[in-house]
Amino acid sequence: MEHNKLQGTPLPHLYLISSGQENPDDGTLLLEQLNLLPRTLSFMVQIREKQLNAKQLLTLALNARASNLPVGSLLLINERIDIALAARLDGVHLPENACFPDNLRPLASKMIFGCSVHSPESLHIAEKSGADYLLFGPVFDTPSKRKYGAPQGLEKLGQICRISTLPVFALGGITPENGEFCMAEGAYGIAGLSIFKDTSRFVDTLEQFYRIIFP
Amino acid sequence: MIPSSPFLCVITDESFCPVTIAELALKGGAAMIQLRHKSASGSQLFSWAVEIRNLCRIYRALFIINDRVDIAMASEADGVHLGQQDMPANAARTLLGKERIIGVSASSFEEALQAEKDGADYIGFGHIYPTFSKEKGFPPLGTEGLLNAAAFISLPIIAIGGVCLDNAATLISCGASGVAVISAVSRTDDPSRAASELVAAIKWKNS
């Protein structure tokens, strides 16, 4: 079930989401992060830059694709399967208000489709629609999601992980300190955005997460 | 294919239900519907697109989606309309193939030429007249701009921007293959009738 259809290996367990602050004129944070990724590990990477127009997104996606990702890593983009196809990315991550995987699967049978879920109901919809993995959050308090209300908490993460037949990545306010609690609740992996913005601590943070996932 | 006689393209208005506008416009004889909604979610766009696509099939009209090549592919629309900030036409062509229609917005002669080079199937040229439907940072191109573009560009040109019943026929005389409207259909008491009057105006001029 936890299969990466592209390479026949399990999905990577660490999931990097782009900052949402890429500036089309320099657009370097993501590329800097990609270049810093430790070569010995593999990663899920999602380009999620809602402030960019499609032209800018395509440029960023092509640049990201041209960067040398560690073996086994998967490069995805938020929602836009057209950009994913044009830049030969590995998959698409679908927010809850996007199309479902079964709407898009005919366009790209080999792509990875991930779905954001926030409840058991949306989990069932995503599973039925043929998602390959799920993102659940925000587990903890995080500045980028504060406007949507209180975090979901560990208990709900555990509930989702127990009923899910798909790999669940925990997202939202996850740090090397609290990450092990997510894994203990049955998470497949850890996803982050804000915590990866500080490139001076980027590699350190990734390695700490890695030790939590594979203690 | 793009109609060979003068035609009306109706672009959906963000203030109204796109499916309702599309159906009324089709009843009035619009030959092309463009779904344009910058703030709607992907799932919302997709469900509108499927409904409008079905309507367009019934009325034998073309269904085009603005910007979202992904939604156009998923909903099997007839094509996309791309602005200068959207995916470049040549990239979209690789995804959509030769059969699907790609329109490109051009607000200058240079952009229109580039669109032709990039393999567009038609050019949305404007704004010709002042318009309040969209914020514009430059003066209208006027009929001189349209005449000039039509003289040098072989692709069908759809004139847009401030099109109304009084000027639609003039735009066809200036070389436009069709005219595109938003508010001239949506912001009327009877959108279907507004569409049919526009269609009559441009067809009459041509006959």
# chains A, B, ... in the order shown; residues from 1 in each chain; ligands from 1
call {"tool": "interface_residues", "arguments": {"of": "chain A", "to": "chain B", "cutoff": "6 Å", "atoms": "only C-alpha atoms", "output": "ChimeraX atom specification"}}
result
/A:54-55,81-82,97-99,104
call {"tool": "residues_around", "arguments": {"residues": "A:Leu193", "least_positions_apart": "6", "cutoff": "7 Å", "atoms": "only C-alpha atoms", "output": "list in words"}}
result
Leu16, Ile17, Ser18 and Ser19 of chain A
call {"tool": "write_last_selection", "arguments": {"atoms": "C-alpha atoms", "output": "mmCIF file, in the first residue's frame"}}
result
data_model
loop_
_atom_site.group_PDB
_atom_site.id
_atom_site.type_symbol
_atom_site.label_atom_id
_atom_site.label_comp_id
_atom_site.auth_asym_id
_atom_site.auth_seq_id
_atom_site.Cartn_x
_atom_site.Cartn_y
_atom_site.Cartn_z
ATOM 1 C CA LEU A 16 9.213 19.292 2.862
ATOM 2 C CA ILE A 17 6.645 21.877 1.795
ATOM 3 C CA SER A 18 7.904 25.070 0.168
ATOM 4 C CA SER A 19 7.655 28.256 2.208
#
call {"tool": "select_by_dssp", "arguments": {"residues": "stretch 57-208 of chain A", "states": "helix (DSSP H, G or I)", "output": "PyMOL selection string"}}
result
chain A and resi 57-66+81-86+101-107+120-128+143-148+153-163+179-184+194-196+202-208
call {"tool": "residues_around", "arguments": {"residues": "A:Leu75", "least_positions_apart": "5", "cutoff": "9 Å", "atoms": "only C-alpha atoms", "output": "JSON, numbers by chain"}}
result
{"A": [43, 44, 45, 46, 47, 61, 64, 65, 69, 84, 89, 90, 91, 92]}
call {"tool": "closest_residue", "arguments": {"among": "B:Ala200, B:Leu171, B:Ile128, B:Ile157", "to": "B:Ser4", "atoms": "only C-alpha atoms"}}
result
B:Ile157
call {"tool": "residues_around", "arguments": {"residues": "B:Ala180", "least_positions_apart": "3", "cutoff": "9 Å", "atoms": "only C-alpha atoms", "output": "number ranges by chain"}}
result
B: 7-11, 32, 124, 158-161, 163
call {"tool": "write_last_selection", "arguments": {"atoms": "N, CA and C atoms", "output": "short mmCIF file (atom, residue, chain, number, x, y, z; two decimals), in the first residue's frame"}}
result
data_model
loop_
_atom_site.label_atom_id
_atom_site.label_comp_id
_atom_site.auth_asym_id
_atom_site.auth_seq_id
_atom_site.Cartn_x
_atom_site.Cartn_y
_atom_site.Cartn_z
N PHE B 7 -18.64 35.46 -34.60
CA PHE B 7 -19.28 34.76 -33.49
C PHE B 7 -19.12 35.54 -32.19
N LEU B 8 -19.97 35.14 -31.25
CA LEU B 8 -19.96 35.76 -29.92
C LEU B 8 -19.37 34.80 -28.90
N CYS B 9 -18.39 35.31 -28.14
CA CYS B 9 -17.83 34.57 -27.01
C CYS B 9 -18.32 35.26 -25.74
N VAL B 10 -18.94 34.50 -24.85
CA VAL B 10 -19.36 35.07 -23.57
C VAL B 10 -18.49 34.52 -22.46
N ILE B 11 -17.89 35.45 -21.71
CA ILE B 11 -17.02 35.09 -20.59
C ILE B 11 -17.84 35.21 -19.32
N MET B 32 -19.21 30.47 -28.22
CA MET B 32 -18.07 30.11 -27.37
C MET B 32 -18.35 30.63 -25.96
N GLY B 124 -7.16 36.73 -28.17
CA GLY B 124 -8.11 37.64 -27.52
C GLY B 124 -7.43 38.99 -27.46
N ILE B 158 -10.28 37.66 -31.55
CA ILE B 158 -11.53 37.95 -30.83
C ILE B 158 -11.32 39.29 -30.13
N ALA B 159 -12.14 40.26 -30.50
CA ALA B 159 -12.01 41.58 -29.89
C ALA B 159 -12.70 41.58 -28.53
N ILE B 160 -12.04 42.20 -27.55
CA ILE B 160 -12.58 42.21 -26.19
C ILE B 160 -12.35 43.58 -25.55
N GLY B 161 -13.19 43.92 -24.62
CA GLY B 161 -13.01 45.16 -23.86
C GLY B 161 -13.97 46.23 -24.30
N VAL B 163 -16.96 45.89 -25.40
CA VAL B 163 -17.81 45.52 -26.53
C VAL B 163 -19.27 45.63 -26.12
#
call {"tool": "atom_distance", "arguments": {"atom1": "atom CA of B:Gly126", "atom2": "atom CA of B:Glu111"}}
result
10.8 Å
call {"tool": "atom_distance", "arguments": {"atom1": "atom CA of A:Arg201", "atom2": "atom CA of A:Arg39"}}
result
16.5 Å
call {"tool": "residues_around", "arguments": {"residues": "B:Thr143", "least_positions_apart": "3", "cutoff": "10 Å", "atoms": "only C-alpha atoms", "output": "number ranges by chain"}}
result
B: 126, 128-129, 140, 146-149, 159, 167, 170-171, 173-176
call {"tool": "atom_distance", "arguments": {"atom1": "atom CA of B:Leu141", "atom2": "atom CA of B:Lys117"}}
result
21.2 Å
call {"tool": "residues_around", "arguments": {"residues": "A:Val71", "least_positions_apart": "6", "cutoff": "8 Å", "atoms": "only C-alpha atoms", "output": "list of chain:residue names"}}
result
A:Arg39, A:Thr40, A:Leu41, A:Ser42
